[in-house]
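Peer 1: Below is a structure I'd like to ask you about.
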Amino acid sequence: MKPQYRMYRRGGGSYYIQNNETGQQESLQTKDKNHATRLLNAKNEAAILAGSNLQVARAYMVASDPKMPERTWQDVIDFIVDQKSGPNRRRWKSFSKDKALPSLWKMRVVDTRADQLLGLVKQGTVSTNVYLRRLHNFALDMNWLPWPIVAKKLWPKIKYAEKRGITGEEHQKIIARETNPERRDYYEVLWYTGGSQSDVAHLHAEDLNWKDRTISYRRKKSGSDAMPRIGKKLAAVLARRPESGPLFPYLITVLEKDRATEFKQRCEGLGIMDVTLHCYRYGWAERAAEAGYPERHAQSNLGHGSKAVARAYAKRAKVKTPSLEDYEEVQKNAGDKVIHLPQDIDIEGQRLQATQSSAATATI
C-alpha cells in the first residue's frame with residue numbers, strides 16, 4: 001500500500017510532510033531528521049489503521065444492509081419523495097432542487113463528513129437548514145447511517161425572518177383594491193378566522209354549521225381540528241359563497257406558492273411590504289390577544305392544541321394586563337351571570353341581499 005504521506009525539507013530548515021492524495025502540506029516543526037522520520041511513520045501508520053477500521057466497518061455494514069456502502073443521498077431523497085403525497089411531496093421535491101445541494105446527491109451516505117453537511121447549510125437558506133437535518137435524521141431512523149454525522153446540538157440554529165400580523169388598515173387597502181369577488185371573499189375569511197391559506201382555500205359549504213354558527217375542519221398541516229365561530233360580518237361574507245361544494249372553486253385548484261405569489265404581487269402594488277398570507281394568521285392571534293380573547297378559544301379557532309404555539313402567534317400583541325385586585329372585583333361583580341352570544345343571524349336574508357347587490361353591480 002502506498003504511504004499516504006511523504007517527507008521533505010525546505011532549504012535546510014524544518015521538515016515537512018505532504019498528503020499524497022490531497023497535496024496538503026504540514027510542518028513537522030523539527031530540524032532533526034530522526035525525529036521527523038518517527039513523526040512521518042506515525043502519520044502513515046495512523047492513516048493505514050483508519051483505512052483498515054473503515055474496511056472492517058464496511059464489512060459489517062454489508063452483512064446487515066448490502067446497499068449501505070453504496071447508498072447515496074440521492075437514493076435517500078428519492079425514497080422520501082416516493083413516501084410523501086400532496087403538498088409535502090411538492091415541498092420535498094422543491095428541496096431536492098436546492099441550489100446549495102447538487103454536490104450532496106452524489107455523496108455516499110456513510111462517507112459523508114460533518115464538515116460537509118455544515119458547509120452546505122452555510123451556503124443555503126433557512127429551508128436548507130430545516131430540510132437537510134430532516135434528511136439526515138430520516139437516514140438515521142432508517143438505519144442507513146450507523147451513527148449521527150452531526151450531533152443535534154451542533155446543527156446551526158434555525159433563524160426565521162421576523163413575522164408580523166397584517167394590520168386592519170393594510171387589510172382594508174387590499175380588499176378595496178381587489179376586483180375579483182372570490183379572491184376578495186377569500187381574504188375576508190382569512191381575516192375573520194385566522195385560518196391558514198390552504199385550510200381556508202379548501203373549505204366546503206358542508207363545513208359550515210349555521211345552526212351552531214361554526215366552521216369545522218381538520219387542518220391539513222397538523223391534522224388537528226379547528227372550529228372558528230361565525231360572527232355577523234363573517235356570515236355576510238360566507239352568504240356570498242356557493243351553497244354547496246367548495247367555497248372557493250378556483251382557489252382550491254391553485255398551488256400554495258401560486259396563491260402566495262398572487263397575494264405578494266397585490267401587496268407590492270399597494271406598497272405593503274413584509275406581508276404574506278400567513279400574516280393573516282398572526283394578525284388574528286394578535287387581535288385576539290389584545291381583545292383579551294380567552295386563550296383556550298384562540299386554540300380552538302386556530303386549530304392548535306399547544307398553548308406555546310398560540311402564544312407564539314400572539315407574541316407581538318400589546319396586551320394591557322389588569323391588576324389582580326381589579327380582575328377579582330370584576331369577577332365578583334359578575335357573579336353567576338352568563339353572557340349570551342347573539343343568535344339572530346339571518347343567513348337567507350344575507351344571501352338574498354348579497355345576490356341583489358351583485359345584480360345591481362352587474363347592471364351598473
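Quick note on naming: the chains in the C-alpha cells go A, B, ... in the order shown, residues restart at 1 in each chain, and ligands are numbered from 1 in order of appearance.
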For Pro249 (chain A), list every protein, DNA or RNA residue within 9 Å, evaluated using only C-alpha atoms, and leave out those in the same chain fewer than 4 positions away; present the list as a compact mmCIF listing (two decimals) with N, CA and C atoms, in the first residue's frame.
Peer 2:
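And here is the file that came out, around.txt:
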# COMPACT_ATOMS: atom_id res chain seq x y z
N GLU A 182 -64.15 36.34 -5.69
CA GLU A 182 -63.75 35.13 -4.96
C GLU A 182 -62.50 35.40 -4.14
N ALA A 201 -58.69 27.88 1.71
CA ALA A 201 -58.93 27.64 0.28
C ALA A 201 -59.68 26.34 0.05
N HIS A 202 -59.54 25.38 0.96
CA HIS A 202 -60.17 24.06 0.80
C HIS A 202 -61.48 23.92 1.57
N PRO A 242 -70.75 29.85 -2.60
CA PRO A 242 -71.66 28.78 -3.04
C PRO A 242 -72.32 28.06 -1.86
N GLY A 245 -70.53 22.43 -2.08
CA GLY A 245 -69.22 22.25 -2.68
C GLY A 245 -68.20 23.24 -2.15
N THR A 253 -58.01 25.02 -6.51
CA THR A 253 -57.22 24.33 -7.53
C THR A 253 -55.81 24.91 -7.67
Peer 1: Write out as JSON, numbers by chain the set of residues from region 112-270 of chain A that DSSP, computed on the backbone, places in alpha helix (DSSP H).
Peer 2: {"A": [114, 115, 116, 117, 118, 119, 120, 121, 122, 123, 126, 127, 128, 129, 130, 131, 132, 133, 134, 135, 136, 137, 138, 139, 140, 141, 168, 169, 170, 171, 172, 173, 174, 175, 176, 177, 181, 182, 183, 184, 185, 186, 187, 188, 189, 190, 191, 192, 193, 197, 198, 199, 200, 201, 232, 233, 234, 235, 236, 237, 238, 256, 257, 258, 259, 260, 261, 262, 263, 264, 265, 266, 267, 268, 269]}
Peer 1: Now that the selection is made, can you save its residues with C-alpha atoms as a tab-separated table (two decimals), in the first residue's frame?
Peer 2:
chain	number	residue	atom	x	y	z
A	114	ALA	CA	-19.96	16.58	9.41
A	115	ASP	CA	-18.00	19.48	7.92
A	116	GLN	CA	-19.50	18.73	4.50
A	117	LEU	CA	-23.09	18.92	5.78
A	118	LEU	CA	-22.43	22.04	7.85
A	119	GLY	CA	-20.76	23.67	4.84
A	120	LEU	CA	-23.89	23.07	2.75
A	121	VAL	CA	-26.07	24.56	5.49
A	122	LYS	CA	-23.87	27.67	5.46
A	123	GLN	CA	-24.24	28.02	1.69
A	126	VAL	CA	-33.23	28.62	6.24
A	127	SER	CA	-35.11	25.99	4.25
A	128	THR	CA	-31.81	24.21	3.52
A	129	ASN	CA	-31.08	24.02	7.25
A	130	VAL	CA	-34.56	22.71	8.09
A	131	TYR	CA	-34.82	20.04	5.41
A	132	LEU	CA	-31.18	18.94	5.44
A	133	ARG	CA	-31.40	17.97	9.12
A	134	ARG	CA	-34.70	16.18	8.39
A	135	LEU	CA	-32.95	14.30	5.58
A	136	HIS	CA	-30.10	13.36	7.93
A	137	ASN	CA	-32.48	12.23	10.69
A	138	PHE	CA	-34.54	10.19	8.23
A	139	ALA	CA	-31.43	8.27	7.10
A	140	LEU	CA	-30.53	7.73	10.75
A	141	ASP	CA	-34.02	6.45	11.63
A	168	GLY	CA	-56.59	46.33	9.74
A	169	GLU	CA	-55.53	49.27	7.57
A	170	GLU	CA	-53.48	47.01	5.28
A	171	HIS	CA	-56.32	44.52	5.00
A	172	GLN	CA	-58.79	47.24	4.04
A	173	LYS	CA	-56.43	48.51	1.33
A	174	ILE	CA	-56.19	45.01	-0.13
A	175	ILE	CA	-59.96	44.48	-0.03
A	176	ALA	CA	-60.68	47.88	-1.59
A	177	ARG	CA	-58.26	47.19	-4.45
A	181	PRO	CA	-65.05	38.60	-5.84
A	182	GLU	CA	-63.75	35.13	-4.96
A	183	ARG	CA	-60.30	36.34	-4.00
A	184	ARG	CA	-61.74	39.29	-2.04
A	185	ASP	CA	-64.00	36.98	-0.02
A	186	TYR	CA	-61.06	34.63	0.48
A	187	TYR	CA	-59.01	37.42	2.11
A	188	GLU	CA	-62.03	38.36	4.24
A	189	VAL	CA	-62.43	34.80	5.55
A	190	LEU	CA	-58.70	34.73	6.37
A	191	TRP	CA	-59.13	37.97	8.31
A	192	TYR	CA	-62.13	36.80	10.34
A	193	THR	CA	-60.98	33.22	11.04
A	197	GLN	CA	-54.18	29.83	3.41
A	198	SER	CA	-54.56	26.17	2.40
A	199	ASP	CA	-57.19	25.32	5.02
A	200	VAL	CA	-59.38	28.27	4.02
A	201	ALA	CA	-58.93	27.64	0.28
A	232	LYS	CA	-72.22	38.62	11.69
A	233	LYS	CA	-69.55	40.09	9.40
A	234	LEU	CA	-68.13	36.68	8.55
A	235	ALA	CA	-71.67	35.39	7.93
A	236	ALA	CA	-72.21	38.19	5.41
A	237	VAL	CA	-69.10	37.08	3.53
A	238	LEU	CA	-69.98	33.37	3.63
A	256	GLU	CA	-49.88	27.26	-2.29
A	257	LYS	CA	-46.92	29.01	-3.88
A	258	ASP	CA	-49.12	30.47	-6.64
A	259	ARG	CA	-51.68	31.81	-4.15
A	260	ALA	CA	-48.79	33.32	-2.19
A	261	THR	CA	-47.31	34.89	-5.33
A	262	GLU	CA	-50.63	36.43	-6.35
A	263	PHE	CA	-51.05	37.94	-2.88
A	264	LYS	CA	-47.49	39.25	-2.83
A	265	GLN	CA	-48.00	40.99	-6.17
A	266	ARG	CA	-51.13	42.71	-4.85
A	267	CYS	CA	-49.35	43.85	-1.70
A	268	GLU	CA	-46.36	45.22	-3.62
A	269	GLY	CA	-48.74	47.13	-5.90
Peer 1: To one decimal place in Å, what is the distance between CA of Asn41 (chain A) and CA of Val110 (chain A)?
Peer 2: 28.1 Å
Peer 1: With only C-alpha atoms as the basis for distance, which of A:Lys315, A:Arg10, A:Arg218, A:Lys152 is at the shortest distance from Gly195 (chain A)?
Peer 2: A:Arg218
Peer 1: Write out as a ChimeraX atom specification the set of residues from region 133-320 of chain A that DSSP, computed on the backbone, places in strand (DSSP E).
Peer 2: /A:208-209,214-215,217-218,225-226
Peer 1: Please measure the separation of CA of Asp274 (chain A) and CA of Arg90 (chain A), giving the value in Å to one decimal.
Peer 2: 24.4 Å
Peer 1: Skipping near chain neighbours, those fewer than 5 positions away, what residues fall within 10 Å of region 65-80 of chain A using only C-alpha atoms, listed as a list in words?
Peer 2: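 After dropping sequence-adjacent residues, the list is Ala57, Arg58, Ala59, Tyr60, Arg89, Trp92, Lys93, Phe95, Ser96, Pro102, Ser103, Leu104, Trp105, Lys106, Met107, Arg108, Val109, Val110, Asp111, Thr112, Leu135, His136, Phe138, Ala139, Met142, Asn143, Trp144, Leu145 and Pro146 of chain A.
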Peer 1: What gap, in Å, lies between CA of His304 (chain A) and CA of Asp225 (chain A)?
Peer 2: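 Interatomic distance, CA of His304 (chain A) to CA of Asp225 (chain A): 8.0 Å.
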Peer 1: Set the distance at 10 Å and use only C-alpha atoms: which residues neighbour Thr167 (chain A) once local chain neighbours fewer than 5 positions away are removed? I'd like the list as a list in words.
Peer 2: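 Selected residues are Gln172, Trp191, Val275, Cys279, Tyr280, Tyr282, Gly283, Trp284, Glu286 and Arg287 of chain A.
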Peer 1: Given the choices A:Asn180, A:Asn301, A:Asn88, A:Thr30, which gets closest to Gly12 (chain A) if the distance is worked out from only C-alpha atoms?
Peer 2: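 Using only C-alpha atoms, Gly12 (chain A) sits closest to A:Thr30.
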